[in-house]
Amino acid sequence: MSALVAGATELAAGALPAVSGLLPRAVDSAGDPSTAEAVLFWVLAPIMVIAAFGLLFARKAVHAALCVILVMISLAFLYVTQGAVFLGVVQVVVYTGAIMMLFLFVLMLVGVSSADSLVETIRGQRWIGWLAGLGLLVVLAGVIGTATYPDPVGLGTANESTNPRGIAHLIFGQYVFAMEVVGALLVTAALGALVFTHRRRLTPRLGQRERADARVRAGQTLAPLPAPGVYAKHNAMDVPALDPYGRPITSSVPRVLRVRGQEADAAEYAARIDRVIAGKSAVERGALGYEEQHQTPPPQADPAGASVGAPQIGDAVAGVDASAPDSEEGK
Amino acid sequence: MHTLTSVADGLVPAVTLATETVSPVGETVSGGIFAVAPLLVGLPLASAAILLLLGRRADRWGHWLGVLASGGAFVVGLLTFLRILDRPADERVLDVHLGTWIDAGAFHLDAGMRLDPLSLTFVLLVTFVGTLIHVYSVAYMDHDADRRRFFAYLNLFVAAMLVLVLADSFLLLFVGWEGVGLASYLLIGFWNHHMPYAVAAKKAFVANRIGDVGLLIAMGLMFAHFGALDFATVLDDPGAHASEGTLTAIGLMLLLAACGKSAQFPLQSWLGDAMAGPTPVSALIHAATMVTAGVYLIVRSGGVFEAAPTAQLVVVIIGAITLLFGAIVGCAKDDIKKALAASTMSQIGYMVLAAGLGPIGYAFAIFHLVTHGFFKAGMFLGAGSVMHGMDDQVDMRRFGGLAPYMKITWITFMMGWLAILGIPPFAGFFSKDKIIEAAFIPTDGAQWRAWVFGTVTLLGAGITAFYMSRLFFMTFEGERRWTTKKDGSEQHPHESPALMTWPMIILAVGSVGLGLVLSLGGRFVGWLEPVTGHAEHGEPVLPAWLLIALTLTVVIAGLVLAWRRYAVSTVPVVPPLGTSLTRAARVDLYQDAVNDAVLVEPGQHLTRSLVYADHAVVDGGVKGLAHSTVGLGSLLRRAQTGYVRTYAATMLGGLLVLLVVVLVVQS
Amino acid sequence: MTLTHYLVLSGILFSVGSATVLLRRNAIIAFMGVELMLNATNLALVTFSRMHGELTGQVLAFFVMVVAAAEVVVGLAIIVAIFRTRRSASIDDVNLLKS
């Protein structure tokens, strides 16, 4: 805390000349605002009120949040103008920098699209709300109007050794106990937020290992599915890959295409590849229908497939060729 | 007898009779046979607890455990009796201290047992007759699925009755008093799946409660005036501690208690309905033992009554009324058990009357109680045997001519019949005749009392002879008026099994010989003298021989009348309309109607109005408050929409109001 | 212009912020309304600080900022938690306290 304050103090001390340079010299004014300050006020005040109404009327929560940020930054300006340099900086850092960002975070979490309907659901609440707001305004105006104020003293003497120092003296002197209590409150609030948002796990945590184990147990494919279109000529998404035996693997084609029936004819492509490799014509070999057989392992009785250690494409095609009549009969 | 006592001593080691005289009334003893005296209560109580707690697991052997517990209590009672008999007459009142029961500030009460001739007489009667009836019930309840529960209740009754008679204070007596009431309730309603039986049980319980209130009030008065409830303090010269008025009040309250328990006027209505219970229950509880507890209470509290002549007179009057009441009702009942119940009521009337006569009557009251316990229990068992043989038929107009079919029942019943009639030398003669004689002795020189009560007892004897003979003839003599069984088959009357007949035979033997044995040389009166005190024998207004002759005459007259009407002539199967007295007697002389009109209906009106008041005023107030709270709540609930924005609006509104107020106040 | 103008501006911002809280159903926007109200207060505090020539007002404004930061953290956490369970960022949907 003290480090923060010290940092803020230095920041403010460093920024002060620049800020003072930018703003009218209201900071030093004894009490009554200068003309420059009046100009600033009359520029900022309407903006702030409009922004505040923006909060009241904005349909989207993000717009409302932006309106509030606008009000807050304007307020920071007004603070600095009024000689509360430290507070002005803290306003920017804490309010706009932290709190409003937290608001925006939560907005994103809850869903920015949840546009808030302005249609009232509680009967009479709209009237009550307006009446209360207006009434408050009137009464506050009445209070402000009727109150008698002392002649403005100004912060000239109080801010003699710069404003942050003056505040630091008060916070760590007269109000040190309150400061500690507020610190404890902050810690408690953080813990409370943790507790609130903590969700107890209902099911055991599913890590990589657990998922893998579950896959093995379910007998699913462990490795990634083969990519479609392994051919140099047809590496389109709708062309199934071929397994080492030259049979097309249907599962390599994206499921969506398969459902839509936009899968290319695997057998035809296989045959065409065969022709390319073997130099034979497709007409001689005739049509092949392998679609239904792509998953079954090669027949054990296949002499060509069994005798060859490292499968050649030609062998694979021969194997396929040999099993073809069976599949025809199977159909 | 000496040998038996030695045996008793041998059974219990370390016989040290550390006798210590604490009061002129009783002697505190410990050790020896008296140390096992608590077993009298403990055995049946433990058996009852075992049977009830084990439940169905004890079904196979539970009844025999019940018999054993009762028999064991009898053995302990017999040993105690022999031991006491061994002592000189003036040392026969013993107190067995069991421990401090209540020690609350000024009130101190020890739990203890009073072993004296009176309580031991009851102990022997209860355990002996009780054991016989237990044995009888083994066979009688053979087909009942709940026989074990029945025996548990019987044992509970025996235990409670023994607590009642052995208690050394009114409070402990009250425990037993309530215990027998509970057992009676449970047993009357033993077949409580049958609605009228359950109602009868409730009726008996409620009527008994009224009497119990009397006992409670009496105890309260005793505590207020004597500061104690034990017999030793209260009964030792009560006149010194309380005024006669107080003692009269105590006496009347005790009488109320006795009326409730002993079915005396005006609380007698429950006894007839109590016959809903199984017959052994009627024999044990509602003939031989429990219903005589009232007599026991009056005799036991003799000291109080002697100091309150008015209360004593009321006792005699109540006895006389009940005596006639029961006798008249007994003449009209066709239900064999209800007729016997009416007879019981009447006989207890005799006892109460005798008990009201003072020391001169106590011994005879107890004497008649014992003999009545035998012959009435015997007759109830006989009635049970008849019902057993006649497919649970109880209407005497459906009996007749049963003598050849159940000879043992017939003969044992005849013994009981002759005993209750008072034919010499059967037991009833010795006991009842003495009561009649005592009733004719003027008390405090008041001749009219002797004449009135003597005549009532004499009249009662005649009516008793009539209705008991009626009962006997209608059941065993005359022509057969049997109906078919419930299942439609022919009636086949048969003798009951040996387990049922042997208790009847033993009780019949008692009915025959007990009176003679006990009255020879004034044995029984002398035995009770330590409790009842010696009675000055006054002279009856008529010579004793003339009284005996008169009594026998009215008895024979009643018997002959019954013979002519019910044995010789035909008994109509459908009850004839009869005279208005007969019709009244059939409905217990409108006792239930009177109770309903005088007590039940006003009570119901009172409770209804109270209920109404409760609903309208109390509940109305409470509910009104509740409703207004609910209404206010539902109004305020509208504010609680659950919408955050509404709450925010409310907060802001509040803030606005506050600001306006501040503004207005400031300016 | 006088310093009172700042106070009036502060009042306007505060009123608009409160109206936002009352009128907007999106929890995040309503929450931003609260932030706007806090900022309006801070402006008033800073103005008073200048008016009285004391830095205490600015210190108070500083504390308000810190507390606002804490509040935002917790508030947004609540909004996120509610959104997770109810798939909605509308504060009218969070009326389970009723019935």
# chains A, B, ... in the order shown; residues from 1 in each chain; ligands from 1
>>> closest_atom_pairs(of="chain C", to="chain A", cutoff="8 Å", atoms="only C-alpha atoms", output="Markdown table")
| residue | atom | partner | partner_atom | distance |
| --- | --- | --- | --- | --- |
| C:Met1 | CA | A:Ala38 | CA | 6.2 |
| C:Thr2 | CA | A:Asp32 | CA | 6.3 |
| C:Leu3 | CA | A:Asp32 | CA | 6.9 |
| C:Thr4 | CA | A:Ile144 | CA | 7.3 |
| C:Leu7 | CA | A:Ile144 | CA | 7.0 |
| C:Val8 | CA | A:Ala141 | CA | 6.5 |
| C:Leu9 | CA | A:Ala45 | CA | 6.9 |
| C:Gly11 | CA | A:Leu140 | CA | 6.0 |
| C:Ile12 | CA | A:Leu137 | CA | 6.1 |
| C:Leu13 | CA | A:Ala52 | CA | 6.6 |
| C:Ser15 | CA | A:Gly133 | CA | 5.1 |
| C:Val16 | CA | A:Ala52 | CA | 6.5 |
| C:Gly17 | CA | A:Ala52 | CA | 7.3 |
| C:Ser18 | CA | A:Gly133 | CA | 6.2 |
| C:Ala19 | CA | A:Gly133 | CA | 4.9 |
| C:Thr20 | CA | A:Leu56 | CA | 5.1 |
| C:Leu22 | CA | A:Gly129 | CA | 5.1 |
| C:Leu23 | CA | A:Gly129 | CA | 5.7 |
| C:Arg24 | CA | A:Leu56 | CA | 7.2 |
| C:Arg25 | CA | A:Asp116 | CA | 7.1 |
| C:Asn26 | CA | A:Asp116 | CA | 6.0 |
| C:Ile28 | CA | A:Phe103 | CA | 7.4 |
| C:Ile29 | CA | A:Ala61 | CA | 6.3 |
| C:Met32 | CA | A:Val68 | CA | 7.3 |
| C:Gly33 | CA | A:Leu55 | CA | 7.6 |
| C:Leu36 | CA | A:Val68 | CA | 7.1 |
| C:Asn39 | CA | A:Met72 | CA | 7.4 |
| C:Leu43 | CA | A:Leu75 | CA | 7.3 |
| C:Val46 | CA | A:Tyr79 | CA | 6.9 |
| C:Thr47 | CA | A:Gln82 | CA | 6.9 |
| C:Ser49 | CA | A:Leu155 | CA | 7.8 |
| C:Arg50 | CA | A:Gly154 | CA | 4.9 |
| C:Met51 | CA | A:Pro152 | CA | 4.3 |
| C:His52 | CA | A:Val153 | CA | 5.4 |
| C:Gly53 | CA | A:Leu155 | CA | 4.7 |
| C:Glu54 | CA | A:Ala158 | CA | 6.2 |
| C:Leu55 | CA | A:Ile167 | CA | 6.3 |
| C:Thr56 | CA | A:Leu170 | CA | 7.3 |
| C:Gln58 | CA | A:Ala84 | CA | 6.9 |
| C:Val59 | CA | A:Ile167 | CA | 6.3 |
| C:Ala61 | CA | A:Leu87 | CA | 7.8 |
| C:Phe62 | CA | A:Leu87 | CA | 6.8 |
| C:Phe63 | CA | A:Val182 | CA | 7.3 |
| C:Met65 | CA | A:Tyr95 | CA | 7.8 |
| C:Val66 | CA | A:Val182 | CA | 7.0 |
| C:Val67 | CA | A:Val182 | CA | 6.9 |
| C:Ala69 | CA | A:Ile99 | CA | 6.5 |
| C:Ala70 | CA | A:Leu186 | CA | 5.2 |
| C:Glu71 | CA | A:Ala189 | CA | 7.2 |
| C:Val72 | CA | A:Ile99 | CA | 7.0 |
| C:Val73 | CA | A:Ala193 | CA | 6.2 |
| C:Val74 | CA | A:Ala193 | CA | 5.1 |
| C:Leu76 | CA | A:Val106 | CA | 7.0 |
| C:Ala77 | CA | A:Ala193 | CA | 5.1 |
| C:Ile78 | CA | A:Phe196 | CA | 6.3 |
| C:Val80 | CA | A:Thr197 | CA | 6.9 |
| C:Ala81 | CA | A:Thr197 | CA | 5.6 |
| C:Phe83 | CA | A:Val110 | CA | 6.8 |
| C:Ala89 | CA | A:Val110 | CA | 7.1 |
>>> closest_atom_pairs(of="chain B", to="chain C", cutoff="7 Å", atoms="only C-alpha atoms", output="JSON lines")
{"residue": "B:Gln640", "atom": "CA", "partner": "C:Lys98", "partner_atom": "CA", "distance": 6.7}
{"residue": "B:Thr641", "atom": "CA", "partner": "C:Lys98", "partner_atom": "CA", "distance": 6.1}
{"residue": "B:Gly642", "atom": "CA", "partner": "C:Asn95", "partner_atom": "CA", "distance": 4.3}
{"residue": "B:Tyr643", "atom": "CA", "partner": "C:Asn95", "partner_atom": "CA", "distance": 5.4}
{"residue": "B:Val644", "atom": "CA", "partner": "C:Ile91", "partner_atom": "CA", "distance": 6.6}
{"residue": "B:Arg645", "atom": "CA", "partner": "C:Leu22", "partner_atom": "CA", "distance": 5.3}
{"residue": "B:Ala648", "atom": "CA", "partner": "C:Leu22", "partner_atom": "CA", "distance": 6.6}
{"residue": "B:Ala649", "atom": "CA", "partner": "C:Leu22", "partner_atom": "CA", "distance": 6.2}
>>> write_last_selection(atoms="all heavy atoms", output="CSV table (one decimal), in the first residue's frame")
chain,number,residue,atom,x,y,z
B,640,GLN,N,-42.7,-6.8,0.1
B,640,GLN,CA,-41.5,-7.7,-0.2
B,640,GLN,C,-41.7,-8.4,-1.5
B,640,GLN,O,-42.1,-9.5,-1.6
B,640,GLN,CB,-41.4,-8.7,1.0
B,640,GLN,CG,-41.2,-8.1,2.3
B,640,GLN,CD,-40.0,-7.3,2.5
B,640,GLN,OE1,-38.9,-7.7,1.9
B,640,GLN,NE2,-40.0,-6.2,3.1
B,641,THR,N,-41.3,-7.7,-2.6
B,641,THR,CA,-41.5,-8.3,-3.9
B,641,THR,C,-40.4,-9.2,-4.2
B,641,THR,O,-40.5,-10.0,-5.1
B,641,THR,CB,-41.6,-7.2,-5.0
B,641,THR,OG1,-40.4,-6.4,-4.8
B,641,THR,CG2,-42.8,-6.3,-4.8
B,642,GLY,N,-39.3,-9.1,-3.5
B,642,GLY,CA,-38.1,-9.9,-3.9
B,642,GLY,C,-37.3,-9.2,-5.0
B,642,GLY,O,-36.2,-9.7,-5.3
B,643,TYR,N,-37.8,-8.1,-5.5
B,643,TYR,CA,-37.0,-7.4,-6.5
B,643,TYR,C,-36.1,-6.4,-5.9
B,643,TYR,O,-36.5,-5.5,-5.1
B,643,TYR,CB,-38.0,-6.6,-7.5
B,643,TYR,CG,-38.8,-7.6,-8.3
B,643,TYR,CD1,-40.2,-7.5,-8.3
B,643,TYR,CD2,-38.2,-8.5,-9.1
B,643,TYR,CE1,-41.0,-8.4,-9.0
B,643,TYR,CE2,-39.0,-9.4,-9.9
B,643,TYR,CZ,-40.4,-9.3,-9.8
B,643,TYR,OH,-41.1,-10.1,-10.6
B,644,VAL,N,-34.8,-6.5,-6.3
B,644,VAL,CA,-33.8,-5.6,-5.7
B,644,VAL,C,-34.1,-4.2,-6.0
B,644,VAL,O,-34.0,-3.3,-5.1
B,644,VAL,CB,-32.4,-6.0,-6.3
B,644,VAL,CG1,-31.4,-5.0,-5.8
B,644,VAL,CG2,-32.1,-7.4,-6.0
B,645,ARG,N,-34.7,-3.9,-7.1
B,645,ARG,CA,-34.9,-2.5,-7.5
B,645,ARG,C,-36.0,-1.9,-6.7
B,645,ARG,O,-36.0,-0.7,-6.4
B,645,ARG,CB,-35.3,-2.4,-9.0
B,645,ARG,CG,-34.1,-2.8,-9.9
B,645,ARG,CD,-34.4,-2.5,-11.3
B,645,ARG,NE,-35.4,-3.4,-11.8
B,645,ARG,CZ,-36.2,-3.0,-12.8
B,645,ARG,NH1,-36.1,-1.9,-13.4
B,645,ARG,NH2,-37.1,-3.9,-13.2
B,648,ALA,N,-34.4,-1.0,-3.6
B,648,ALA,CA,-33.6,0.2,-3.8
B,648,ALA,C,-34.5,1.5,-3.9
B,648,ALA,O,-34.1,2.5,-3.3
B,648,ALA,CB,-32.8,0.1,-5.1
B,649,ALA,N,-35.6,1.3,-4.5
B,649,ALA,CA,-36.6,2.4,-4.6
B,649,ALA,C,-37.0,2.8,-3.2
B,649,ALA,O,-37.1,4.0,-2.9
B,649,ALA,CB,-37.8,2.1,-5.5
>>> interface_residues(of="chain B", to="chain A", cutoff="7 Å", atoms="only C-alpha atoms", output="number ranges by chain")
B: 649, 652-653, 656, 660, 663
>>> select_by_dssp(residues="region 76-279 of chain B", states="strand (DSSP E)", output="compact mmCIF listing (two decimals) with C-alpha atoms, in the first residue's frame")
# COMPACT_ATOMS: atom_id res chain seq x y z
CA LEU B 94 -45.40 -55.97 62.26
CA ASP B 95 -43.98 -53.26 60.08
CA VAL B 96 -41.41 -54.18 57.47
CA HIS B 97 -39.46 -51.10 56.64
CA LEU B 98 -38.44 -50.99 52.99
CA GLY B 99 -36.83 -47.59 52.78
CA THR B 100 -37.55 -43.92 52.59
CA TRP B 101 -40.00 -43.18 49.81
CA ILE B 102 -40.72 -39.48 50.01
CA ASP B 103 -38.66 -37.01 51.97
CA ALA B 104 -39.92 -33.56 51.09
CA PHE B 107 -43.37 -34.50 54.80
CA HIS B 108 -41.59 -37.73 55.35
CA LEU B 109 -42.95 -41.03 54.22
CA ASP B 110 -41.37 -44.43 54.39
CA ALA B 111 -42.31 -47.25 52.13
CA GLY B 112 -43.07 -50.26 54.19
CA MET B 113 -45.26 -53.28 54.57
CA ARG B 114 -47.74 -53.76 57.33
CA LEU B 115 -47.88 -57.42 58.25
>>> residues_around(residues="region 181-189 of chain B", least_positions_apart="6", cutoff="7 Å", atoms="only C-alpha atoms", output="PyMOL selection string")
chain B and resi 153+156-157+197-198+201-202+204-205+208+274+276-277+281+285
>>> select_by_dssp(residues="region 48-287 of chain A", states="alpha helix (DSSP H)", output="MDAnalysis selection string")
chainID A and resid 48:57 61:81 85:90 100:110 125:146 163:171 176:197 208:218 255:260 266:278 282:285
>>> atom_distance(atom1="CA of Asp391 (chain B)", atom2="CA of Ala562 (chain B)")
26.3 Å
>>> residues_around(residues="Ser70 (chain B)", least_positions_apart="2", cutoff="9 Å", atoms="only C-alpha atoms", output="list in words")
Leu40, Leu43, Pro44, Ser47, Leu65, Gly66, Val67, Leu68, Gly72, Ala73, Phe74, Val75, Thr127, Phe128, Gly130, Thr131, His134, Asn155, Val158 and Ala159 of chain B
>>> atom_distance(atom1="CA of Asp116 (chain B)", atom2="CA of Phe81 (chain B)")
8.9 Å
